[in-house]
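Chemist: Handing you this structure, nothing more for now.
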Amino acid sequence: MAQYIAQRFANFLLLVVIASSVGYLLASLTLDPRSNFEGANPPIPESTINSKLDALNMNSNTPVLERYGKWASGIVTGDLGLTLQNTQISDEIQKRIWVSLRLLILGSILGSIIGVLFGVISAVRQYKFFDRSFGIIAYILLSTPVFLSAILIKYGAISINEVIGTTLFYTVGEYTPGLEGGGFSLLVNRLQHLILPTLSITLGGIAFYSRYQRNAMLDVLSSDHLRTARMKGLTKRQALFKHGLRVAILPMATFFAYSFGLLITGAAFTETIFGWYGMGQWFITAVQSNDINSVSIVILFSAVLVLFSGFLADVLTAALDPRVRLR
(Lines give C-alpha, C1' and ligand atoms only; values in the text may rest on other atoms or scores of the structure.)
Protein backbone atom coordinates (compact mmCIF):
# COMPACT_ATOMS: atom_id res chain seq x y z
CA MET A 1 0.00 0.00 0.00
CA ALA A 2 2.80 2.42 0.92
CA GLN A 3 4.60 1.75 -2.37
CA TYR A 4 1.39 2.32 -4.31
CA ILE A 5 0.77 5.65 -2.54
CA ALA A 6 4.38 6.77 -3.14
CA GLN A 7 4.10 5.98 -6.86
CA ARG A 8 0.82 7.83 -7.20
CA PHE A 9 2.19 10.85 -5.34
CA ALA A 10 5.26 10.98 -7.60
CA ASN A 11 2.96 10.92 -10.63
CA PHE A 12 0.94 13.70 -9.03
CA LEU A 13 3.99 15.96 -8.62
CA LEU A 14 5.13 15.35 -12.19
CA LEU A 15 1.70 16.13 -13.63
CA VAL A 16 1.44 19.33 -11.56
CA VAL A 17 4.76 20.55 -12.98
CA ILE A 18 3.69 19.73 -16.55
CA ALA A 19 0.22 21.25 -16.24
CA SER A 20 1.38 24.47 -14.56
CA SER A 21 4.27 24.91 -17.00
CA VAL A 22 2.04 24.47 -20.04
CA GLY A 23 -0.49 26.84 -18.48
CA TYR A 24 2.12 29.55 -17.93
CA LEU A 25 3.56 29.20 -21.43
CA LEU A 26 0.10 29.37 -23.04
CA ALA A 27 -0.83 32.43 -20.97
CA SER A 28 2.45 34.14 -21.86
CA LEU A 29 2.07 33.46 -25.57
CA THR A 30 -1.61 34.42 -25.89
CA LEU A 31 -2.15 37.29 -23.43
CA ASP A 32 -0.87 40.80 -24.17
CA PRO A 33 -0.47 42.91 -20.99
CA ARG A 34 1.21 45.64 -23.06
CA SER A 35 -2.19 46.48 -24.58
CA ASN A 36 -3.34 47.82 -21.20
CA PHE A 37 -0.87 50.71 -21.49
CA GLU A 38 -0.84 51.39 -25.23
CA GLY A 39 -3.32 53.93 -26.53
CA ALA A 40 -3.43 55.87 -23.26
CA ASN A 41 -4.07 59.60 -23.39
CA PRO A 42 -1.61 61.17 -22.83
CA PRO A 43 0.63 58.46 -24.36
CA ILE A 44 2.90 56.51 -21.99
CA PRO A 45 6.55 56.38 -23.10
CA GLU A 46 7.69 52.99 -24.40
CA SER A 47 10.55 52.92 -21.91
CA THR A 48 8.09 53.38 -19.03
CA ILE A 49 5.89 50.54 -20.31
CA ASN A 50 8.91 48.24 -20.64
CA SER A 51 10.10 49.13 -17.16
CA LYS A 52 6.65 48.38 -15.71
CA LEU A 53 6.36 45.05 -17.54
CA ASP A 54 9.91 44.04 -16.60
CA ALA A 55 9.10 44.60 -12.93
CA LEU A 56 6.06 42.33 -13.33
CA ASN A 57 7.94 39.74 -15.45
CA MET A 58 5.42 40.22 -18.27
CA ASN A 59 7.50 41.96 -20.93
CA SER A 60 6.92 40.30 -24.31
CA ASN A 61 10.33 41.61 -25.44
CA THR A 62 11.94 39.18 -22.98
CA PRO A 63 12.20 35.57 -24.26
CA VAL A 64 9.34 33.50 -22.92
CA LEU A 65 11.62 30.76 -21.55
CA GLU A 66 13.57 33.36 -19.58
CA ARG A 67 10.32 34.67 -18.10
CA TYR A 68 9.21 31.13 -17.35
CA GLY A 69 12.47 30.40 -15.52
CA LYS A 70 12.02 33.47 -13.34
CA TRP A 71 8.40 32.60 -12.65
CA ALA A 72 9.17 28.95 -11.82
CA SER A 73 12.03 29.87 -9.49
CA GLY A 74 9.72 32.28 -7.69
CA ILE A 75 7.09 29.55 -7.26
CA VAL A 76 9.69 27.20 -5.74
CA THR A 77 10.78 29.87 -3.24
CA GLY A 78 7.21 30.90 -2.40
CA ASP A 79 7.17 34.15 -4.39
CA LEU A 80 3.98 34.06 -6.47
CA GLY A 81 4.71 37.40 -8.15
CA LEU A 82 2.63 40.52 -8.67
CA THR A 83 -0.67 41.20 -10.38
CA LEU A 84 -0.97 43.70 -13.21
CA GLN A 85 -2.18 46.19 -10.58
CA ASN A 86 1.13 45.71 -8.72
CA THR A 87 -0.40 43.88 -5.73
CA GLN A 88 0.90 40.68 -4.19
CA ILE A 89 -0.69 37.58 -5.71
CA SER A 90 -0.19 35.70 -2.44
CA ASP A 91 -2.45 38.22 -0.66
CA GLU A 92 -5.06 38.03 -3.39
CA ILE A 93 -5.18 34.24 -3.48
CA GLN A 94 -5.56 34.03 0.30
CA LYS A 95 -8.73 36.09 0.07
CA ARG A 96 -10.10 34.41 -3.02
CA ILE A 97 -9.49 30.80 -2.08
CA TRP A 98 -11.57 30.89 1.10
CA VAL A 99 -14.41 32.60 -0.71
CA SER A 100 -14.53 29.77 -3.26
CA LEU A 101 -14.06 26.98 -0.73
CA ARG A 102 -16.87 28.24 1.51
CA LEU A 103 -19.13 28.18 -1.51
CA LEU A 104 -17.97 24.98 -3.17
CA ILE A 105 -17.38 22.58 -0.28
CA LEU A 106 -20.94 22.73 0.99
CA GLY A 107 -22.46 22.62 -2.50
CA SER A 108 -20.24 19.71 -3.57
CA ILE A 109 -20.89 17.64 -0.45
CA LEU A 110 -24.65 18.15 -0.59
CA GLY A 111 -24.76 17.51 -4.35
CA SER A 112 -22.74 14.29 -4.10
CA ILE A 113 -24.55 12.83 -1.07
CA ILE A 114 -28.05 13.59 -2.35
CA GLY A 115 -27.12 12.61 -5.90
CA VAL A 116 -25.68 9.23 -4.84
CA LEU A 117 -28.72 8.56 -2.64
CA PHE A 118 -31.16 9.38 -5.44
CA GLY A 119 -29.11 7.33 -7.88
CA VAL A 120 -29.26 4.26 -5.65
CA ILE A 121 -33.02 4.67 -5.15
CA SER A 122 -33.54 5.09 -8.90
CA ALA A 123 -31.60 1.90 -9.62
CA VAL A 124 -33.41 -0.13 -6.99
CA ARG A 125 -36.76 1.16 -8.28
CA GLN A 126 -35.84 1.00 -11.95
CA TYR A 127 -38.61 2.15 -14.33
CA LYS A 128 -40.95 2.97 -11.46
CA PHE A 129 -42.47 6.38 -10.81
CA PHE A 130 -39.54 7.78 -8.80
CA ASP A 131 -36.97 6.62 -11.34
CA ARG A 132 -38.80 8.05 -14.33
CA SER A 133 -39.84 11.35 -12.74
CA PHE A 134 -36.46 12.06 -11.20
CA GLY A 135 -34.76 11.05 -14.44
CA ILE A 136 -36.71 13.74 -16.29
CA ILE A 137 -35.80 16.34 -13.65
CA ALA A 138 -32.12 15.34 -13.79
CA TYR A 139 -31.93 15.62 -17.57
CA ILE A 140 -33.61 19.03 -17.47
CA LEU A 141 -30.98 20.20 -14.95
CA LEU A 142 -28.16 18.72 -17.03
CA SER A 143 -29.37 20.40 -20.23
CA THR A 144 -29.76 23.82 -18.59
CA PRO A 145 -26.64 26.03 -18.82
CA VAL A 146 -25.11 26.92 -15.46
CA PHE A 147 -25.57 30.67 -15.92
CA LEU A 148 -29.23 30.22 -16.87
CA SER A 149 -30.06 28.05 -13.85
CA ALA A 150 -28.26 30.52 -11.55
CA ILE A 151 -30.25 33.44 -13.01
CA LEU A 152 -33.53 31.53 -12.65
CA ILE A 153 -32.73 30.71 -9.03
CA LYS A 154 -31.84 34.34 -8.40
CA TYR A 155 -35.08 35.71 -9.84
CA GLY A 156 -37.10 33.00 -8.12
CA ALA A 157 -35.64 34.07 -4.78
CA ILE A 158 -36.43 37.72 -5.53
CA SER A 159 -40.05 36.74 -6.20
CA ILE A 160 -40.24 34.85 -2.90
CA ASN A 161 -38.83 37.87 -1.04
CA GLU A 162 -41.50 40.08 -2.63
CA VAL A 163 -44.30 37.66 -1.73
CA ILE A 164 -43.33 37.30 1.94
CA GLY A 165 -42.49 40.99 2.25
CA THR A 166 -39.00 40.56 3.72
CA THR A 167 -35.50 39.59 2.58
CA LEU A 168 -35.15 35.89 3.23
CA PHE A 169 -32.68 35.24 0.40
CA TYR A 170 -29.84 37.61 -0.49
CA THR A 171 -28.84 37.56 -4.14
CA VAL A 172 -25.50 39.43 -4.16
CA GLY A 173 -22.32 39.14 -2.11
CA GLU A 174 -21.06 37.06 0.81
CA TYR A 175 -22.57 39.31 3.49
CA THR A 176 -24.35 42.62 3.96
CA PRO A 177 -21.80 45.47 4.28
CA GLY A 178 -22.17 47.56 7.44
CA LEU A 179 -24.46 45.05 9.12
CA GLU A 180 -24.73 45.71 12.85
CA GLY A 181 -25.37 43.09 15.48
CA GLY A 182 -23.73 40.24 17.33
CA GLY A 183 -21.93 37.18 16.04
CA PHE A 184 -25.16 35.21 15.61
CA SER A 185 -26.69 37.93 13.41
CA LEU A 186 -23.58 37.97 11.21
CA LEU A 187 -23.65 34.16 10.95
CA VAL A 188 -27.31 34.16 9.91
CA ASN A 189 -26.62 36.90 7.37
CA ARG A 190 -23.76 34.93 5.81
CA LEU A 191 -25.95 31.82 5.64
CA GLN A 192 -28.70 33.79 3.89
CA HIS A 193 -26.15 34.93 1.30
CA LEU A 194 -24.84 31.37 0.96
CA ILE A 195 -28.16 29.65 0.20
CA LEU A 196 -28.68 30.63 -3.44
CA PRO A 197 -25.18 30.03 -4.90
CA THR A 198 -24.93 26.79 -2.91
CA LEU A 199 -28.29 25.70 -4.31
CA SER A 200 -27.08 26.46 -7.83
CA ILE A 201 -24.04 24.19 -7.39
CA THR A 202 -25.94 21.52 -5.46
CA LEU A 203 -28.63 21.05 -8.12
CA GLY A 204 -26.02 20.46 -10.82
CA GLY A 205 -24.20 17.98 -8.57
CA ILE A 206 -27.37 16.06 -7.80
CA ALA A 207 -28.14 15.67 -11.50
CA PHE A 208 -24.62 14.48 -12.39
CA TYR A 209 -24.02 12.13 -9.48
CA SER A 210 -27.49 10.55 -9.59
CA ARG A 211 -27.13 9.52 -13.23
CA TYR A 212 -23.66 8.05 -12.75
CA GLN A 213 -24.62 6.29 -9.53
CA ARG A 214 -27.79 4.85 -11.06
CA ASN A 215 -25.85 3.24 -13.91
CA ALA A 216 -23.15 1.92 -11.56
CA MET A 217 -25.76 0.49 -9.21
CA LEU A 218 -27.65 -1.22 -12.03
CA ASP A 219 -24.45 -3.03 -13.04
CA VAL A 220 -23.94 -4.21 -9.46
CA LEU A 221 -27.56 -5.37 -9.02
CA SER A 222 -27.11 -7.84 -11.88
CA SER A 223 -23.66 -9.03 -10.73
CA ASP A 224 -22.83 -12.58 -9.65
CA HIS A 225 -21.42 -11.66 -6.25
CA LEU A 226 -24.69 -10.01 -5.22
CA ARG A 227 -26.68 -13.10 -6.23
CA THR A 228 -24.20 -15.22 -4.28
CA ALA A 229 -24.72 -13.08 -1.20
CA ARG A 230 -28.49 -13.59 -1.49
CA MET A 231 -28.03 -17.35 -1.83
CA LYS A 232 -26.00 -17.37 1.40
CA GLY A 233 -29.04 -16.13 3.27
CA LEU A 234 -28.65 -12.35 3.27
CA THR A 235 -31.75 -10.27 2.76
CA LYS A 236 -31.98 -8.02 -0.29
CA ARG A 237 -31.30 -4.96 1.87
CA GLN A 238 -28.29 -6.59 3.58
CA ALA A 239 -26.78 -7.74 0.31
CA LEU A 240 -27.39 -4.36 -1.27
CA PHE A 241 -25.74 -2.25 1.42
CA LYS A 242 -23.04 -4.67 2.58
CA HIS A 243 -21.80 -5.85 -0.81
CA GLY A 244 -23.51 -3.91 -3.60
CA LEU A 245 -23.18 -0.29 -2.54
CA ARG A 246 -19.49 -0.60 -1.67
CA VAL A 247 -18.69 -1.78 -5.19
CA ALA A 248 -21.04 0.66 -6.90
CA ILE A 249 -19.66 3.68 -5.07
CA LEU A 250 -16.02 3.02 -6.05
CA PRO A 251 -16.18 4.85 -9.41
CA MET A 252 -17.88 7.79 -7.71
CA ALA A 253 -14.81 8.46 -5.56
CA THR A 254 -12.74 9.33 -8.63
CA PHE A 255 -15.61 11.21 -10.24
CA PHE A 256 -16.20 13.31 -7.12
CA ALA A 257 -12.49 14.10 -6.71
CA TYR A 258 -12.02 15.46 -10.22
CA SER A 259 -15.39 17.20 -10.24
CA PHE A 260 -14.57 19.08 -7.05
CA GLY A 261 -11.19 20.17 -8.37
CA LEU A 262 -12.70 21.48 -11.60
CA LEU A 263 -15.41 23.38 -9.72
CA ILE A 264 -12.89 25.98 -8.53
CA THR A 265 -12.72 27.56 -11.97
CA GLY A 266 -15.94 26.00 -13.28
CA ALA A 267 -18.03 27.96 -10.76
CA ALA A 268 -17.00 31.26 -12.35
CA PHE A 269 -20.52 31.88 -13.66
CA THR A 270 -22.06 31.22 -10.26
CA GLU A 271 -19.58 33.50 -8.49
CA THR A 272 -20.07 36.28 -11.02
CA ILE A 273 -23.89 36.15 -11.01
CA PHE A 274 -24.13 36.12 -7.21
CA GLY A 275 -21.27 38.58 -6.64
CA TRP A 276 -18.85 36.18 -4.91
CA TYR A 277 -15.27 37.22 -5.65
CA GLY A 278 -13.63 33.81 -5.64
CA MET A 279 -11.07 32.00 -7.77
CA GLY A 280 -13.34 31.52 -10.77
CA GLN A 281 -14.32 35.17 -10.95
CA TRP A 282 -10.66 36.17 -10.51
CA PHE A 283 -9.67 33.94 -13.43
CA ILE A 284 -12.17 35.62 -15.76
CA THR A 285 -11.05 39.10 -14.66
CA ALA A 286 -7.39 38.17 -15.09
CA VAL A 287 -7.95 36.90 -18.64
CA GLN A 288 -9.89 40.02 -19.57
CA SER A 289 -7.07 42.27 -18.28
CA ASN A 290 -4.26 40.13 -19.82
CA ASP A 291 -2.80 39.50 -16.36
CA ILE A 292 -0.38 36.65 -17.13
CA ASN A 293 0.79 36.12 -13.54
CA SER A 294 -2.72 35.89 -12.08
CA VAL A 295 -3.93 33.54 -14.82
CA SER A 296 -0.88 31.31 -14.32
CA ILE A 297 -1.41 31.10 -10.57
CA VAL A 298 -5.07 30.16 -10.95
CA ILE A 299 -4.03 27.46 -13.45
CA LEU A 300 -1.36 26.23 -11.02
CA PHE A 301 -3.82 26.15 -8.15
CA SER A 302 -6.42 24.34 -10.25
CA ALA A 303 -3.83 21.80 -11.40
CA VAL A 304 -2.76 21.11 -7.82
CA LEU A 305 -6.35 20.77 -6.65
CA VAL A 306 -7.51 18.55 -9.53
CA LEU A 307 -4.50 16.25 -9.48
CA PHE A 308 -4.32 16.05 -5.69
CA SER A 309 -8.03 15.21 -5.66
CA GLY A 310 -7.28 12.44 -8.14
CA PHE A 311 -4.46 11.22 -5.91
CA LEU A 312 -6.79 11.04 -2.91
CA ALA A 313 -9.35 9.22 -5.05
CA ASP A 314 -6.71 6.63 -6.02
CA VAL A 315 -5.80 6.12 -2.37
CA LEU A 316 -9.46 5.78 -1.39
CA THR A 317 -10.07 3.30 -4.22
CA ALA A 318 -7.06 1.24 -3.15
CA ALA A 319 -8.31 1.23 0.44
CA LEU A 320 -11.77 0.01 -0.62
CA ASP A 321 -10.67 -2.43 -3.34
CA PRO A 322 -7.76 -4.83 -2.56
CA ARG A 323 -7.49 -5.73 -6.26
CA VAL A 324 -6.06 -2.27 -6.98
CA ARG A 325 -3.31 -2.71 -4.39
CA LEU A 326 -2.44 -6.16 -5.74
CA ARG A 327 -2.07 -4.82 -9.29
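As shown in the C-alpha coordinates, the chain order sets the letters A, B, ...; within each chain, residues go from 1, and ligands are also counted from 1 in the order they appear.
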For Asn36 in chain A, please output as a ChimeraX atom specification all residues within 10 Å (counting only C-alpha atoms; exclusion window: fewer than 2 positions along the same chain).

Modeler: /A:32-34,38-40,49,84,289-291

Chemist: Any idea what's packed within 7 Å of range 90-97 of chain A, counting only C-alpha atoms, ignoring anything in its chain fewer than 5 positions away? Could you give it as an MDAnalysis selection string?

Modeler: chainID A and resid 80 277:279

Chemist: A:Gly173, A:Ser20, A:Ser302, A:Ser223: which is nearest Leu240 in chain A, counting only C-alpha atoms?

Modeler: A:Ser223

Chemist: Do you know which residues are at most 12 Å from Leu191 in chain A counting only C-alpha atoms, after dropping those on the same chain fewer than 6 positions away, and could you put them as a short mmCIF file (atom, residue, chain, number, x, y, z; two decimals) with N, CA and C atoms, in the first residue's frame?

Modeler:
data_model
loop_
_atom_site.label_atom_id
_atom_site.label_comp_id
_atom_site.auth_asym_id
_atom_site.auth_seq_id
_atom_site.Cartn_x
_atom_site.Cartn_y
_atom_site.Cartn_z
N ARG A 102 -15.63 28.15 0.72
CA ARG A 102 -16.87 28.24 1.51
C ARG A 102 -18.08 27.93 0.64
N LEU A 103 -18.01 28.38 -0.60
CA LEU A 103 -19.13 28.18 -1.51
C LEU A 103 -19.17 26.76 -2.06
N LEU A 106 -19.58 23.07 0.58
CA LEU A 106 -20.94 22.73 0.99
C LEU A 106 -21.77 22.26 -0.21
N LEU A 168 -35.57 37.20 2.73
CA LEU A 168 -35.15 35.89 3.23
C LEU A 168 -33.90 35.41 2.52
N PHE A 169 -33.82 35.65 1.22
CA PHE A 169 -32.68 35.24 0.40
C PHE A 169 -31.96 36.49 -0.11
N TYR A 170 -30.66 36.53 0.08
CA TYR A 170 -29.84 37.61 -0.49
C TYR A 170 -29.24 37.12 -1.80
N THR A 171 -29.22 37.98 -2.79
CA THR A 171 -28.84 37.56 -4.14
C THR A 171 -27.45 38.04 -4.57
N GLY A 173 -23.34 39.00 -3.13
CA GLY A 173 -22.32 39.14 -2.11
C GLY A 173 -22.30 38.03 -1.08
N GLU A 174 -21.23 38.05 -0.25
CA GLU A 174 -21.06 37.06 0.81
C GLU A 174 -21.77 37.48 2.10
N TYR A 175 -21.93 38.77 2.29
CA TYR A 175 -22.57 39.31 3.49
C TYR A 175 -23.05 40.71 3.19
N THR A 176 -23.84 41.27 4.12
CA THR A 176 -24.35 42.62 3.96
C THR A 176 -23.37 43.62 4.56
N PHE A 184 -24.09 36.04 16.15
CA PHE A 184 -25.16 35.21 15.61
C PHE A 184 -25.84 35.88 14.42
N SER A 185 -26.06 37.18 14.51
CA SER A 185 -26.69 37.93 13.41
C SER A 185 -25.81 37.89 12.16
N PRO A 197 -26.27 30.61 -4.10
CA PRO A 197 -25.18 30.03 -4.90
C PRO A 197 -24.91 28.56 -4.55
N THR A 198 -25.10 28.20 -3.29
CA THR A 198 -24.93 26.79 -2.91
C THR A 198 -25.99 25.93 -3.59
N LEU A 199 -27.22 26.43 -3.64
CA LEU A 199 -28.29 25.70 -4.31
C LEU A 199 -27.99 25.52 -5.79
#

Chemist: Which value, in Å to one decimal, gives the distance between CA of Ile249 in chain A and CA of Ser149 in chain A?

Modeler: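 Atom-to-atom, CA of Ile249 in chain A to CA of Ser149 in chain A, that is 27.9 Å.
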
Chemist: Check range 2-157 of chain A with DSSP on the backbone and list each residue it calls helix (DSSP H, G or I), as a VMD selection string.

Modeler: chain A and resid 2 to 30 33 to 36 46 to 56 64 to 77 89 to 124 129 to 143 146 to 157

Chemist: If I take CA of Tyr155 in chain A and CA of Ser210 in chain A, how far is one from the other in Å, to one decimal?

Modeler: 26.3 Å

Chemist: Identify which of the residues A:Leu141, A:Val247, A:Val76, A:Ile164 lies closest to Gly205 in chain A, counting only C-alpha atoms when measuring atom-to-atom distances.

Modeler: A:Leu141

Chemist: CA of Val172 in chain A and CA of Trp276 in chain A are how many Å apart?

Modeler: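 Interatomic distance, CA of Val172 in chain A to CA of Trp276 in chain A: 7.4 Å.
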
Chemist: For a quick check of understanding, using only C-alpha atoms, which of A:Ala150, A:Leu142, A:Val306, A:Ala248 has the smallest distance to Leu218 in chain A?

Modeler: A:Ala248

Chemist: Show which residues sit within 7 Å of range 113-125 of chain A, as a CSV table (one decimal) with N, CA and C atoms, in the first residue's frame. Count only C-alpha atoms, and ignore same-chain residues fewer than 3 positions away.

Modeler:
chain,number,residue,atom,x,y,z
A,109,ILE,N,-20.5,18.7,-1.4
A,109,ILE,CA,-20.9,17.6,-0.4
A,109,ILE,C,-22.4,17.3,-0.5
A,110,LEU,N,-23.2,18.4,-0.5
A,110,LEU,CA,-24.7,18.2,-0.6
A,110,LEU,C,-25.0,17.5,-1.9
A,128,LYS,N,-39.8,2.6,-12.2
A,128,LYS,CA,-41.0,3.0,-11.5
A,128,LYS,C,-41.1,4.5,-11.4
A,130,PHE,N,-40.6,6.9,-9.3
A,130,PHE,CA,-39.5,7.8,-8.8
A,130,PHE,C,-38.4,7.8,-9.8
A,131,ASP,N,-38.1,6.7,-10.4
A,131,ASP,CA,-37.0,6.6,-11.3
A,131,ASP,C,-37.3,7.5,-12.6
A,205,GLY,N,-24.8,19.2,-9.1
A,205,GLY,CA,-24.2,18.0,-8.6
A,205,GLY,C,-25.2,16.8,-8.4
A,206,ILE,N,-26.4,17.1,-7.9
A,206,ILE,CA,-27.4,16.1,-7.8
A,206,ILE,C,-27.7,15.4,-9.1
A,207,ALA,N,-27.8,16.2,-10.2
A,207,ALA,CA,-28.1,15.7,-11.5
A,207,ALA,C,-27.0,14.8,-12.0
A,209,TYR,N,-24.3,13.3,-10.3
A,209,TYR,CA,-24.0,12.1,-9.5
A,209,TYR,C,-25.1,11.1,-9.5
A,210,SER,N,-26.4,11.5,-9.6
A,210,SER,CA,-27.5,10.6,-9.6
A,210,SER,C,-27.5,9.7,-10.8
A,211,ARG,N,-27.1,10.3,-12.0
A,211,ARG,CA,-27.1,9.5,-13.2
A,211,ARG,C,-26.0,8.5,-13.2
A,213,GLN,N,-24.4,7.3,-10.6
A,213,GLN,CA,-24.6,6.3,-9.5
A,213,GLN,C,-25.7,5.3,-9.9
A,214,ARG,N,-26.7,5.8,-10.6
A,214,ARG,CA,-27.8,4.9,-11.1
A,214,ARG,C,-27.2,3.8,-12.0
A,217,MET,N,-25.0,1.4,-10.1
A,217,MET,CA,-25.8,0.5,-9.2
A,217,MET,C,-26.5,-0.6,-10.0
A,218,LEU,N,-27.0,-0.2,-11.2
A,218,LEU,CA,-27.6,-1.2,-12.0
A,218,LEU,C,-26.7,-2.3,-12.4
